[in-house]
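Asks: Just so it is clear, I am handing over final-v5.txt, which has compact mmCIF, C-alpha atoms (C1' of nucleotides).
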```txt
# COMPACT_ATOMS: atom_id res chain seq x y z
CA MET A 1 316.66 21.77 157.06
CA ASN A 2 313.56 19.60 157.11
CA PRO A 3 310.61 21.98 156.58
CA ASP A 4 308.51 20.28 159.25
CA ALA A 5 311.15 20.88 161.87
CA LEU A 6 310.39 24.60 161.85
CA ARG A 7 306.74 23.95 162.50
CA GLY A 8 305.61 25.58 165.69
CA HIS A 9 308.87 27.47 166.16
CA MET A 10 308.29 30.14 163.57
CA ASP A 11 306.52 32.45 166.02
CA ALA A 12 309.43 32.36 168.43
CA LEU A 13 311.90 33.12 165.65
CA LEU A 14 309.94 36.10 164.36
CA LEU A 15 309.28 37.56 167.78
CA SER A 16 312.91 37.15 168.73
CA VAL A 17 314.19 38.92 165.62
CA LEU A 18 311.87 41.82 166.33
CA GLU A 19 312.91 42.10 169.95
CA ARG A 20 315.67 44.63 169.44
CA GLU A 21 314.08 46.80 166.76
CA PRO A 22 311.14 46.97 164.37
CA LEU A 23 311.84 45.45 160.94
CA HIS A 24 309.99 44.77 157.71
CA GLY A 25 309.44 41.29 156.31
CA TYR A 26 312.30 41.22 153.87
CA ALA A 27 314.75 42.40 156.52
CA ILE A 28 313.42 39.80 158.94
CA ILE A 29 314.19 37.05 156.45
CA GLU A 30 317.72 38.35 156.01
CA THR A 31 318.26 38.67 159.75
CA LEU A 32 317.04 35.14 160.30
CA GLN A 33 319.56 33.96 157.75
CA GLU A 34 322.44 35.92 159.22
CA ARG A 35 321.79 35.10 162.86
CA SER A 36 321.57 31.38 162.06
CA GLY A 37 324.79 31.37 160.08
CA GLY A 38 322.91 30.65 156.87
CA ALA A 39 321.03 27.65 158.21
CA LEU A 40 317.59 29.27 158.12
CA SER A 41 316.35 30.17 154.65
CA VAL A 42 312.70 30.84 155.29
CA PRO A 43 310.66 31.47 152.14
CA THR A 44 308.52 34.58 151.76
CA GLY A 45 305.44 32.40 151.49
CA THR A 46 306.08 31.35 155.06
CA VAL A 47 307.12 34.64 156.61
CA TYR A 48 304.53 37.07 155.28
CA PRO A 49 301.51 35.01 156.24
CA ALA A 50 303.09 34.27 159.64
CA LEU A 51 303.64 37.97 160.31
CA ARG A 52 300.04 38.75 159.46
CA ARG A 53 298.91 35.96 161.72
CA LEU A 54 300.97 37.33 164.59
CA GLU A 55 299.52 40.77 164.01
CA ARG A 56 296.02 39.36 163.93
CA THR A 57 296.59 37.75 167.31
CA GLY A 58 297.95 40.97 168.75
CA LEU A 59 301.59 39.98 169.21
CA LEU A 60 302.80 42.40 166.54
CA SER A 61 301.67 45.72 165.16
CA SER A 62 302.63 47.14 161.77
CA GLU A 63 302.71 50.31 159.74
CA TRP A 64 303.52 51.13 156.15
CA ALA A 65 306.50 53.20 155.09
CA THR A 66 308.08 54.11 151.78
CA VAL A 67 311.86 53.99 151.57
CA GLY A 68 313.72 54.62 148.31
CA GLY A 69 310.48 54.37 146.36
CA ARG A 70 309.67 50.96 147.83
CA ARG A 71 306.81 50.20 150.16
CA ARG A 72 307.58 48.42 153.39
CA ARG A 73 305.38 47.13 156.14
CA THR A 74 307.31 47.49 159.34
CA TYR A 75 306.44 45.21 162.24
CA ARG A 76 307.10 45.80 165.92
CA LEU A 77 306.51 43.80 169.09
CA THR A 78 303.52 44.71 171.19
CA ASP A 79 303.62 44.35 174.98
CA SER A 80 301.71 41.15 174.51
CA GLY A 81 304.33 40.02 171.98
CA ARG A 82 307.11 40.69 174.44
CA ARG A 83 305.40 38.58 177.06
CA GLN A 84 304.82 35.88 174.49
CA LEU A 85 308.50 35.90 173.57
CA ARG A 86 309.47 35.19 177.16
CA GLY A 87 307.05 32.26 177.13
CA GLU A 88 308.42 31.01 173.81
CA ARG A 89 311.95 31.04 175.19
CA SER A 90 311.10 28.97 178.21
CA ALA A 91 309.00 26.63 176.04
CA TRP A 92 312.01 26.22 173.76
CA ARG A 93 314.23 25.24 176.68
CA GLU A 94 311.70 22.69 177.89
CA PHE A 95 311.24 21.36 174.39
CA THR A 96 314.94 20.85 173.65
CA SER A 97 315.45 19.36 177.07
CA ALA A 98 312.63 16.84 176.57
CA ILE A 99 313.64 15.80 173.06
CA GLY A 100 317.31 15.85 173.95
CA SER A 101 316.83 13.51 176.89
CA VAL A 102 315.14 10.98 174.62
CA LEU A 103 317.51 11.44 171.72
CA GLN A 104 320.84 11.16 173.46
CA PRO A 105 322.58 7.92 172.55
CA GLU A 106 322.63 5.24 175.20
CA VAL A 107 325.60 5.55 177.47
CA ARG A 108 326.85 2.06 178.17
CA PRO A 109 328.95 1.34 181.23
CA SER A 110 332.40 0.39 179.99
CA GLY A 111 333.93 -3.00 180.63
CA MET B 1 303.84 21.17 174.94
CA ASN B 2 302.64 22.82 171.73
CA PRO B 3 301.56 19.97 169.41
CA ASP B 4 303.21 21.54 166.40
CA ALA B 5 306.57 21.61 168.11
CA LEU B 6 306.81 17.84 167.87
CA ARG B 7 306.23 18.01 164.16
CA GLY B 8 309.14 16.58 162.25
CA HIS B 9 310.83 15.24 165.36
CA MET B 10 308.56 12.29 165.98
CA ASP B 11 310.61 9.99 163.75
CA ALA B 12 313.78 10.76 165.67
CA LEU B 13 312.07 10.09 168.98
CA LEU B 14 310.65 6.74 167.89
CA LEU B 15 313.86 5.55 166.30
CA SER B 16 315.83 6.56 169.35
CA VAL B 17 313.57 4.72 171.76
CA LEU B 18 313.90 1.59 169.65
CA GLU B 19 317.67 1.82 169.45
CA ARG B 20 318.41 -0.30 172.50
CA GLU B 21 315.68 -2.92 172.12
CA PRO B 22 312.53 -3.77 170.19
CA LEU B 23 309.33 -2.51 171.81
CA HIS B 24 305.62 -2.43 171.09
CA GLY B 25 303.65 0.79 170.67
CA TYR B 26 302.26 1.03 174.16
CA ALA B 27 305.68 0.48 175.69
CA ILE B 28 307.17 3.08 173.35
CA ILE B 29 304.70 5.66 174.61
CA GLU B 30 305.57 4.86 178.21
CA THR B 31 309.30 4.98 177.50
CA LEU B 32 308.94 8.35 175.80
CA GLN B 33 307.18 9.64 178.86
CA GLU B 34 309.75 8.23 181.29
CA ARG B 35 312.83 9.33 179.38
CA SER B 36 311.52 12.87 179.06
CA GLY B 37 310.67 13.15 182.71
CA GLY B 38 306.97 13.26 181.95
CA ALA B 39 307.20 16.09 179.41
CA LEU B 40 306.26 13.98 176.41
CA SER B 41 302.73 12.59 176.50
CA VAL B 42 302.28 11.43 172.93
CA PRO B 43 298.77 10.19 172.16
CA THR B 44 298.17 6.79 170.61
CA GLY B 45 296.62 8.46 167.57
CA THR B 46 300.04 9.92 166.87
CA VAL B 47 302.27 7.00 167.69
CA TYR B 48 300.53 4.10 165.97
CA PRO B 49 300.18 5.78 162.59
CA ALA B 50 303.76 7.07 162.85
CA LEU B 51 305.09 3.57 163.56
CA ARG B 52 303.25 2.19 160.55
CA ARG B 53 304.63 4.99 158.42
CA LEU B 54 308.17 4.23 159.55
CA GLU B 55 307.64 0.58 158.77
CA ARG B 56 306.26 1.43 155.35
CA THR B 57 309.40 3.44 154.60
CA GLY B 58 311.64 0.61 155.74
CA LEU B 59 313.09 2.17 158.88
CA LEU B 60 311.30 -0.28 161.16
CA SER B 61 310.10 -3.86 160.93
CA SER B 62 307.43 -5.44 163.09
CA GLU B 63 305.99 -8.74 164.19
CA TRP B 64 302.98 -9.77 166.22
CA ALA B 65 303.25 -11.47 169.58
CA THR B 66 300.79 -12.48 172.26
CA VAL B 67 301.80 -11.85 175.85
CA GLY B 68 299.45 -12.52 178.73
CA GLY B 69 296.55 -12.95 176.36
CA ARG B 70 297.15 -9.55 174.76
CA ARG B 71 298.29 -8.97 171.23
CA ARG B 72 301.32 -6.78 170.66
CA ARG B 73 303.00 -5.58 167.55
CA THR B 74 306.67 -5.32 168.34
CA TYR B 75 308.81 -2.94 166.31
CA ARG B 76 312.54 -3.07 165.77
CA LEU B 77 315.05 -0.87 163.94
CA THR B 78 316.20 -2.01 160.54
CA ASP B 79 319.74 -1.27 159.33
CA SER B 80 318.25 1.57 157.36
CA GLY B 81 316.55 2.81 160.52
CA ARG B 82 319.83 2.80 162.38
CA ARG B 83 321.46 4.88 159.69
CA GLN B 84 318.48 7.22 159.71
CA LEU B 85 318.80 7.64 163.46
CA ARG B 86 322.37 8.84 163.08
CA GLY B 87 321.16 11.37 160.54
CA GLU B 88 318.31 12.47 162.77
CA ARG B 89 320.70 13.08 165.63
CA SER B 90 322.98 15.31 163.61
CA ALA B 91 319.96 17.10 162.12
CA TRP B 92 318.71 17.73 165.65
CA ARG B 93 322.02 19.30 166.66
CA GLU B 94 321.96 21.58 163.62
CA PHE B 95 318.34 22.45 164.22
CA THR B 96 318.76 23.42 167.87
CA SER B 97 321.91 25.31 167.06
CA ALA B 98 320.19 27.34 164.33
CA ILE B 99 317.07 28.14 166.34
CA GLY B 100 319.08 28.72 169.49
CA SER B 101 321.33 31.25 167.82
CA VAL B 102 318.30 33.26 166.75
CA LEU B 103 316.40 32.84 169.99
CA GLN B 104 319.04 33.75 172.51
CA PRO B 105 318.28 37.10 174.12
CA GLU B 106 320.37 40.04 173.00
CA VAL B 107 323.47 40.40 175.05
CA ARG B 108 324.06 44.10 175.61
CA PRO B 109 327.50 45.41 176.43
CA SER B 110 327.36 46.68 179.99
CA GLY B 111 328.00 50.33 180.89
C1' DT C 1 315.60 49.90 124.72
C1' DG C 2 315.65 45.52 126.94
C1' DC C 3 317.30 42.48 130.42
C1' DC C 4 318.80 41.24 134.79
C1' DT C 5 319.24 41.36 139.84
C1' DA C 6 318.01 43.07 144.28
C1' DC C 7 314.38 44.81 146.93
C1' DA C 8 309.56 44.19 148.66
C1' DT C 9 304.88 42.21 149.50
C1' DA C 10 301.18 39.03 148.84
C1' DT C 11 297.97 34.97 147.97
C1' DA C 12 296.23 30.40 146.30
C1' DG C 13 296.58 25.81 146.76
C1' DG C 14 299.05 21.64 148.13
C1' DG C 15 300.68 18.63 151.43
C1' DA C 16 302.11 16.17 155.51
C1' DG C 17 301.81 15.00 160.09
C1' DT C 18 299.86 15.58 164.70
C1' DC C 19 295.69 15.63 167.39
C1' DT C 20 290.89 14.53 169.05
C1' DA C 21 287.59 11.30 169.33
C1' DC C 22 285.97 7.03 168.86
C1' DA C 23 285.95 1.88 168.35
C1' DT C 24 287.41 -2.64 169.88
C1' DG C 25 289.07 -6.14 172.89
C1' DT C 26 291.68 -8.82 177.00
C1' DA C 27 293.15 -9.25 181.95
C1' DG C 28 292.69 -8.64 186.61
C1' DA C 29 291.14 -6.30 190.85
C1' DC C 30 287.33 -5.24 193.78
C1' DG D 1 279.26 -6.06 187.25
C1' DT D 2 282.32 -2.37 186.98
C1' DC D 3 286.57 -0.23 186.72
C1' DT D 4 291.35 0.41 185.40
C1' DA D 5 295.36 -0.91 182.92
C1' DC D 6 296.93 -2.85 178.83
C1' DA D 7 296.88 -2.77 173.70
C1' DT D 8 295.91 -1.40 168.82
C1' DG D 9 293.69 1.05 165.34
C1' DT D 10 291.13 4.56 162.11
C1' DA D 11 288.55 8.77 160.50
C1' DG D 12 288.49 13.35 160.15
C1' DA D 13 289.87 17.96 161.61
C1' DC D 14 293.30 21.25 161.90
C1' DT D 15 297.32 23.83 161.46
C1' DC D 16 300.74 25.96 159.11
C1' DC D 17 304.72 25.59 156.21
C1' DC D 18 305.93 25.25 151.39
C1' DT D 19 305.80 25.87 146.24
C1' DA D 20 304.45 28.55 142.73
C1' DT D 21 302.94 32.60 141.02
C1' DA D 22 301.80 37.56 140.68
C1' DT D 23 302.95 42.36 141.09
C1' DG D 24 305.83 46.37 141.25
C1' DT D 25 310.16 49.72 141.98
C1' DA D 26 315.22 50.80 141.51
C1' DG D 27 319.46 50.51 139.39
C1' DG D 28 323.23 48.40 136.61
C1' DC D 29 324.67 47.02 132.13
C1' DA D 30 324.91 46.31 127.07
```
Could you render the structure from this file as structure tokens?

Replies:
Amino acid sequence: MNPDALRGHMDALLLSVLEREPLHGYAIIETLQERSGGALSVPTGTVYPALRRLERTGLLSSEWATVGGRRRRTYRLTDSGRRQLRGERSAWREFTSAIGSVLQPEVRPSG
Amino acid sequence: MNPDALRGHMDALLLSVLEREPLHGYAIIETLQERSGGALSVPTGTVYPALRRLERTGLLSSEWATVGGRRRRTYRLTDSGRRQLRGERSAWREFTSAIGSVLQPEVRPSG
DNA sequence: TGCCTACATATAGGGAGTCTACATGTAGAC
DNA sequence: GTCTACATGTAGACTCCCTATATGTAGGCA
């Protein structure tokens, strides 16, 4: 997957993964991978800064926990994040529709 | 449309618009706008550098023409560009499939 | 004991491409 | 003389994704 392709869609992915339940960064990366059938391998250097950014802008909140001797920072959607997710979904539909309508191969009349 | 969303898809758009016939930059911008139903308003500061980049990498070739007293640089797909376009189309399908599978809202069993 | 893998978070710095803003010029309408 | 449409181009800012690196725990294995 071309790295640039993800650009601008990361927020939607993260918010969407957190919709059902709060998760910590590492689990988010795994979930992304599973839900995409292995297509999305997002590096930690992308996800952790993105999560902090989303928290800074109020779309996520986080709290620390220790599980099995390991520290986790668990993120959850805020109300604002939930609203944002709805916006991201409709933006995604518009985006794919716009690009798709340009990208579809020419259909030539037969004959 | 979030500017970043276009990132990494510009090449596909330009190649696709040039698939049927050679066009100059200004006409490419208009075609993009028409084919997307007005959703894609790509600024000249994006398109012109992108076209030059695609020419530099051998996916497009160009030649100057003067029409109605105005100078145009007309771009056309090279063989390499045509191959690239096929690749871009399949990459687009994989991309939307991957993101879409993550983004779709949870479907809860009823009851 | 030492080594490896999985789990878990984080930051610095690089890089690439899109955008804003500006510059330049012709043609034609009013 | 002014305005809009047509037409191309560059400089610099900005964003944010990636690579590389650092740190640390837990548990298996030899």

Asks: Can you move chain A onto chain B by a least-squares fit over all C-alpha atoms paired in order, then give me the moved copy as a short mmCIF file (atom, residue, chain, number, x, y, z; two decimals) with C-alpha atoms, in the coordinates of the input?

Replies:
```
data_model
loop_
_atom_site.label_atom_id
_atom_site.label_comp_id
_atom_site.auth_asym_id
_atom_site.auth_seq_id
_atom_site.Cartn_x
_atom_site.Cartn_y
_atom_site.Cartn_z
CA MET A 1 303.88 21.11 175.09
CA ASN A 2 302.64 22.80 171.94
CA PRO A 3 301.54 19.97 169.60
CA ASP A 4 303.15 21.60 166.57
CA ALA A 5 306.52 21.66 168.24
CA LEU A 6 306.79 17.88 167.93
CA ARG A 7 306.16 18.05 164.22
CA GLY A 8 309.02 16.59 162.28
CA HIS A 9 310.76 15.26 165.38
CA MET A 10 308.52 12.29 165.98
CA ASP A 11 310.59 10.00 163.75
CA ALA A 12 313.76 10.75 165.67
CA LEU A 13 312.04 10.09 168.99
CA LEU A 14 310.63 6.75 167.90
CA LEU A 15 313.84 5.55 166.30
CA SER A 16 315.82 6.58 169.35
CA VAL A 17 313.55 4.72 171.77
CA LEU A 18 313.90 1.59 169.67
CA GLU A 19 317.66 1.83 169.47
CA ARG A 20 318.41 -0.30 172.50
CA GLU A 21 315.70 -2.94 172.13
CA PRO A 22 312.56 -3.78 170.18
CA LEU A 23 309.34 -2.52 171.81
CA HIS A 24 305.63 -2.44 171.08
CA GLY A 25 303.65 0.77 170.65
CA TYR A 26 302.26 1.02 174.13
CA ALA A 27 305.68 0.48 175.68
CA ILE A 28 307.17 3.08 173.35
CA ILE A 29 304.68 5.65 174.61
CA GLU A 30 305.57 4.85 178.20
CA THR A 31 309.29 4.98 177.50
CA LEU A 32 308.93 8.33 175.80
CA GLN A 33 307.16 9.61 178.88
CA GLU A 34 309.73 8.25 181.30
CA ARG A 35 312.82 9.32 179.40
CA SER A 36 311.48 12.87 179.06
CA GLY A 37 310.63 13.16 182.73
CA GLY A 38 306.93 13.27 181.96
CA ALA A 39 307.17 16.08 179.43
CA LEU A 40 306.22 13.97 176.41
CA SER A 41 302.70 12.56 176.49
CA VAL A 42 302.25 11.43 172.93
CA PRO A 43 298.74 10.20 172.13
CA THR A 44 298.14 6.79 170.58
CA GLY A 45 296.61 8.45 167.55
CA THR A 46 300.01 9.93 166.86
CA VAL A 47 302.26 7.00 167.67
CA TYR A 48 300.54 4.10 165.94
CA PRO A 49 300.20 5.78 162.57
CA ALA A 50 303.78 7.07 162.85
CA LEU A 51 305.11 3.58 163.54
CA ARG A 52 303.28 2.20 160.53
CA ARG A 53 304.65 5.00 158.42
CA LEU A 54 308.19 4.24 159.55
CA GLU A 55 307.67 0.58 158.75
CA ARG A 56 306.29 1.45 155.34
CA THR A 57 309.42 3.45 154.58
CA GLY A 58 311.65 0.62 155.72
CA LEU A 59 313.09 2.18 158.88
CA LEU A 60 311.31 -0.29 161.16
CA SER A 61 310.13 -3.86 160.91
CA SER A 62 307.45 -5.45 163.08
CA GLU A 63 306.02 -8.76 164.17
CA TRP A 64 303.03 -9.80 166.21
CA ALA A 65 303.27 -11.51 169.57
CA THR A 66 300.79 -12.50 172.25
CA VAL A 67 301.77 -11.84 175.85
CA GLY A 68 299.38 -12.51 178.74
CA GLY A 69 296.50 -12.94 176.32
CA ARG A 70 297.14 -9.55 174.71
CA ARG A 71 298.31 -9.00 171.18
CA ARG A 72 301.33 -6.81 170.64
CA ARG A 73 303.04 -5.59 167.53
CA THR A 74 306.70 -5.35 168.31
CA TYR A 75 308.82 -2.94 166.29
CA ARG A 76 312.57 -3.06 165.75
CA LEU A 77 315.07 -0.87 163.94
CA THR A 78 316.23 -2.00 160.53
CA ASP A 79 319.77 -1.25 159.33
CA SER A 80 318.27 1.57 157.36
CA GLY A 81 316.56 2.82 160.53
CA ARG A 82 319.84 2.81 162.39
CA ARG A 83 321.46 4.89 159.70
CA GLN A 84 318.49 7.21 159.72
CA LEU A 85 318.79 7.64 163.47
CA ARG A 86 322.36 8.84 163.12
CA GLY A 87 321.16 11.36 160.55
CA GLU A 88 318.30 12.47 162.80
CA ARG A 89 320.71 13.09 165.65
CA SER A 90 322.98 15.30 163.63
CA ALA A 91 319.95 17.08 162.14
CA TRP A 92 318.71 17.70 165.67
CA ARG A 93 322.01 19.28 166.68
CA GLU A 94 321.98 21.54 163.63
CA PHE A 95 318.37 22.44 164.22
CA THR A 96 318.77 23.41 167.88
CA SER A 97 321.93 25.29 167.07
CA ALA A 98 320.21 27.30 164.32
CA ILE A 99 317.09 28.13 166.32
CA GLY A 100 319.09 28.71 169.47
CA SER A 101 321.37 31.23 167.79
CA VAL A 102 318.34 33.25 166.69
CA LEU A 103 316.44 32.86 169.92
CA GLN A 104 319.08 33.79 172.44
CA PRO A 105 318.32 37.15 174.03
CA GLU A 106 320.44 40.05 172.91
CA VAL A 107 323.55 40.41 174.97
CA ARG A 108 324.11 44.10 175.54
CA PRO A 109 327.54 45.42 176.42
CA SER A 110 327.33 46.74 179.96
CA GLY A 111 327.94 50.36 180.82
#
```

Asks: Using atom CA of A:Gln84 and atom CA of A:Ile29 as the two end points, give the distance in Å to one decimal.

Replies: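 Separating atom CA of A:Gln84 from atom CA of A:Ile29 is a distance of 20.4 Å.
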
Asks: So the first atom is atom C1' of C:DA12 and the second is atom CA of A:Pro43; what is the distance between them in Å, to one decimal place?

Replies: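 According to the coordinates, atom C1' of C:DA12 and atom CA of A:Pro43 are separated by 15.6 Å.
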
Asks: Do me a favour and pick out the residues of chain C within 10 Å of chain B, using only C-alpha atoms (C1' of nucleotides), as a list in words.

Replies: DA16, DG17, DT18, DC19, DT20, DA21, DG25, DT26 and DA27 of chain C

Asks: What are the closest atom pairs, with distances in Å to one decimal, for all residues of chain A lying within 10 Å of chain B? Consider only C-alpha atoms, order rows by chain and residue number, and present the result as CSV.

Replies:
```
residue,atom,partner,partner_atom,distance
A:Met1,CA,B:Phe95,CA,7.4
A:Asn2,CA,B:Gly8,CA,7.4
A:Pro3,CA,B:Gly8,CA,8.0
A:Asp4,CA,B:Gly8,CA,4.8
A:Ala5,CA,B:Gly8,CA,4.8
A:Leu6,CA,B:Ala5,CA,7.9
A:Arg7,CA,B:Asp4,CA,5.8
A:Gly8,CA,B:Ala5,CA,4.7
A:His9,CA,B:Ala5,CA,6.6
A:Met10,CA,B:Ile99,CA,9.4
A:Ala12,CA,B:Leu103,CA,7.2
A:Leu13,CA,B:Leu103,CA,6.3
A:Leu14,CA,B:Val102,CA,9.1
A:Leu15,CA,B:Leu103,CA,8.8
A:Ser16,CA,B:Leu103,CA,5.7
A:Val17,CA,B:Val102,CA,7.1
A:Glu19,CA,B:Glu106,CA,8.3
A:Arg20,CA,B:Glu106,CA,7.5
A:Thr31,CA,B:Val102,CA,8.8
A:Leu32,CA,B:Val102,CA,6.8
A:Gln33,CA,B:Val102,CA,9.1
A:Glu34,CA,B:Val102,CA,9.0
A:Arg35,CA,B:Val102,CA,5.5
A:Ser36,CA,B:Ala98,CA,4.8
A:Gly37,CA,B:Ala98,CA,7.4
A:Gly38,CA,B:Ala98,CA,8.6
A:Ala39,CA,B:Ala98,CA,6.2
A:Leu40,CA,B:Ala98,CA,7.0
A:Leu85,CA,B:Leu103,CA,9.2
A:Arg86,CA,B:Pro105,CA,9.5
A:Glu88,CA,B:Leu103,CA,9.0
A:Arg89,CA,B:Leu103,CA,7.1
A:Ala91,CA,B:Met1,CA,7.6
A:Trp92,CA,B:Gly100,CA,8.6
A:Arg93,CA,B:Gly100,CA,9.3
A:Glu94,CA,B:Ala39,CA,8.1
A:Phe95,CA,B:Met1,CA,7.4
A:Thr96,CA,B:Thr96,CA,7.4
A:Ser97,CA,B:Ser36,CA,7.8
A:Ala98,CA,B:Ser36,CA,4.8
A:Ile99,CA,B:Ser36,CA,7.0
A:Gly100,CA,B:Ser36,CA,8.3
A:Ser101,CA,B:Ser36,CA,5.8
A:Val102,CA,B:Arg35,CA,5.5
A:Leu103,CA,B:Ser16,CA,5.7
A:Gln104,CA,B:Ser16,CA,7.9
A:Pro105,CA,B:Ser16,CA,7.6
A:Glu106,CA,B:Arg20,CA,7.5
```

Asks: Could you check how far atom CA of B:Thr66 sits from atom C1' of D:DC3, in Å to one decimal?

Replies: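 Value for the atom CA of B:Thr66-atom C1' of D:DC3 distance: 23.7 Å.
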
Asks: Dig up all the protein and nucleic acid residues within 10 Å of (301.1, 39.7, 140.3) in the file frame, using only C-alpha atoms (C1' of nucleotides), and format them as a PyMOL selection string.

Replies: (chain C and resi 10-11) or (chain D and resi 21-24)

Asks: Kindly assemble as JSON lines a list of the chain D residues that lie within 9 Å of chain A, each paired with its nearest atom pair and their distance in Å to one decimal, using all atoms listed in the file, sorted first by chain and then by ascending residue number.

Replies:
```
{"residue": "D:DC16", "atom": "C1'", "partner": "A:Arg7", "partner_atom": "CA", "distance": 7.2}
{"residue": "D:DC17", "atom": "C1'", "partner": "A:Thr46", "partner_atom": "CA", "distance": 6.0}
{"residue": "D:DC18", "atom": "C1'", "partner": "A:Thr46", "partner_atom": "CA", "distance": 7.1}
{"residue": "D:DT19", "atom": "C1'", "partner": "A:Gly45", "partner_atom": "CA", "distance": 8.4}
{"residue": "D:DG24", "atom": "C1'", "partner": "A:Arg70", "partner_atom": "CA", "distance": 8.9}
{"residue": "D:DT25", "atom": "C1'", "partner": "A:Arg70", "partner_atom": "CA", "distance": 6.0}
{"residue": "D:DA26", "atom": "C1'", "partner": "A:Gly69", "partner_atom": "CA", "distance": 7.7}
```

Asks: Could those selected residues go to a file with C-alpha atoms (C1' of nucleotides), as a tab-separated table (two decimals), in the frame of the given file?

Replies:
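File result34.tsv, as written:
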```tsv
chain	number	residue	atom	x	y	z
D	16	DC	C1'	300.74	25.96	159.11
D	17	DC	C1'	304.72	25.59	156.21
D	18	DC	C1'	305.93	25.25	151.39
D	19	DT	C1'	305.80	25.87	146.24
D	24	DG	C1'	305.83	46.37	141.25
D	25	DT	C1'	310.16	49.72	141.98
D	26	DA	C1'	315.22	50.80	141.51
```

Asks: Draw an axis-aligned box over all listed atoms of stretch 16-22 of chain C, pad each side with 3 Å, and write its centre and edge lengths in Å, one decimal, as AutoDock Vina command-line options.

Replies:
```
--center_x 294.0 --center_y 11.6 --center_z 162.4 --size_x 22.1 --size_y 15.1 --size_z 19.8
```

Asks: Give me the residues near C:DT5 as a CSV table (one decimal) with C-alpha atoms (C1' of nucleotides), keeping the file's coordinate frame, where near means some atom within 12 Å (using only C-alpha atoms (C1' of nucleotides)) and where sequence neighbours in that chain fewer than 4 positions away do not count.

Replies:
```
chain,number,residue,atom,x,y,z
D,26,DA,C1',315.2,50.8,141.5
D,27,DG,C1',319.5,50.5,139.4
D,28,DG,C1',323.2,48.4,136.6
D,29,DC,C1',324.7,47.0,132.1
```

Asks: Of the residues B:Ser62, B:Leu23, B:Arg52, B:Arg72, which is the one nearest to D:DC6, using only C-alpha atoms (C1' of nucleotides)?

Replies: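 Of B:Ser62, B:Leu23, B:Arg52, B:Arg72, the one nearest D:DC6 is B:Arg72, counting only C-alpha atoms (C1' of nucleotides).
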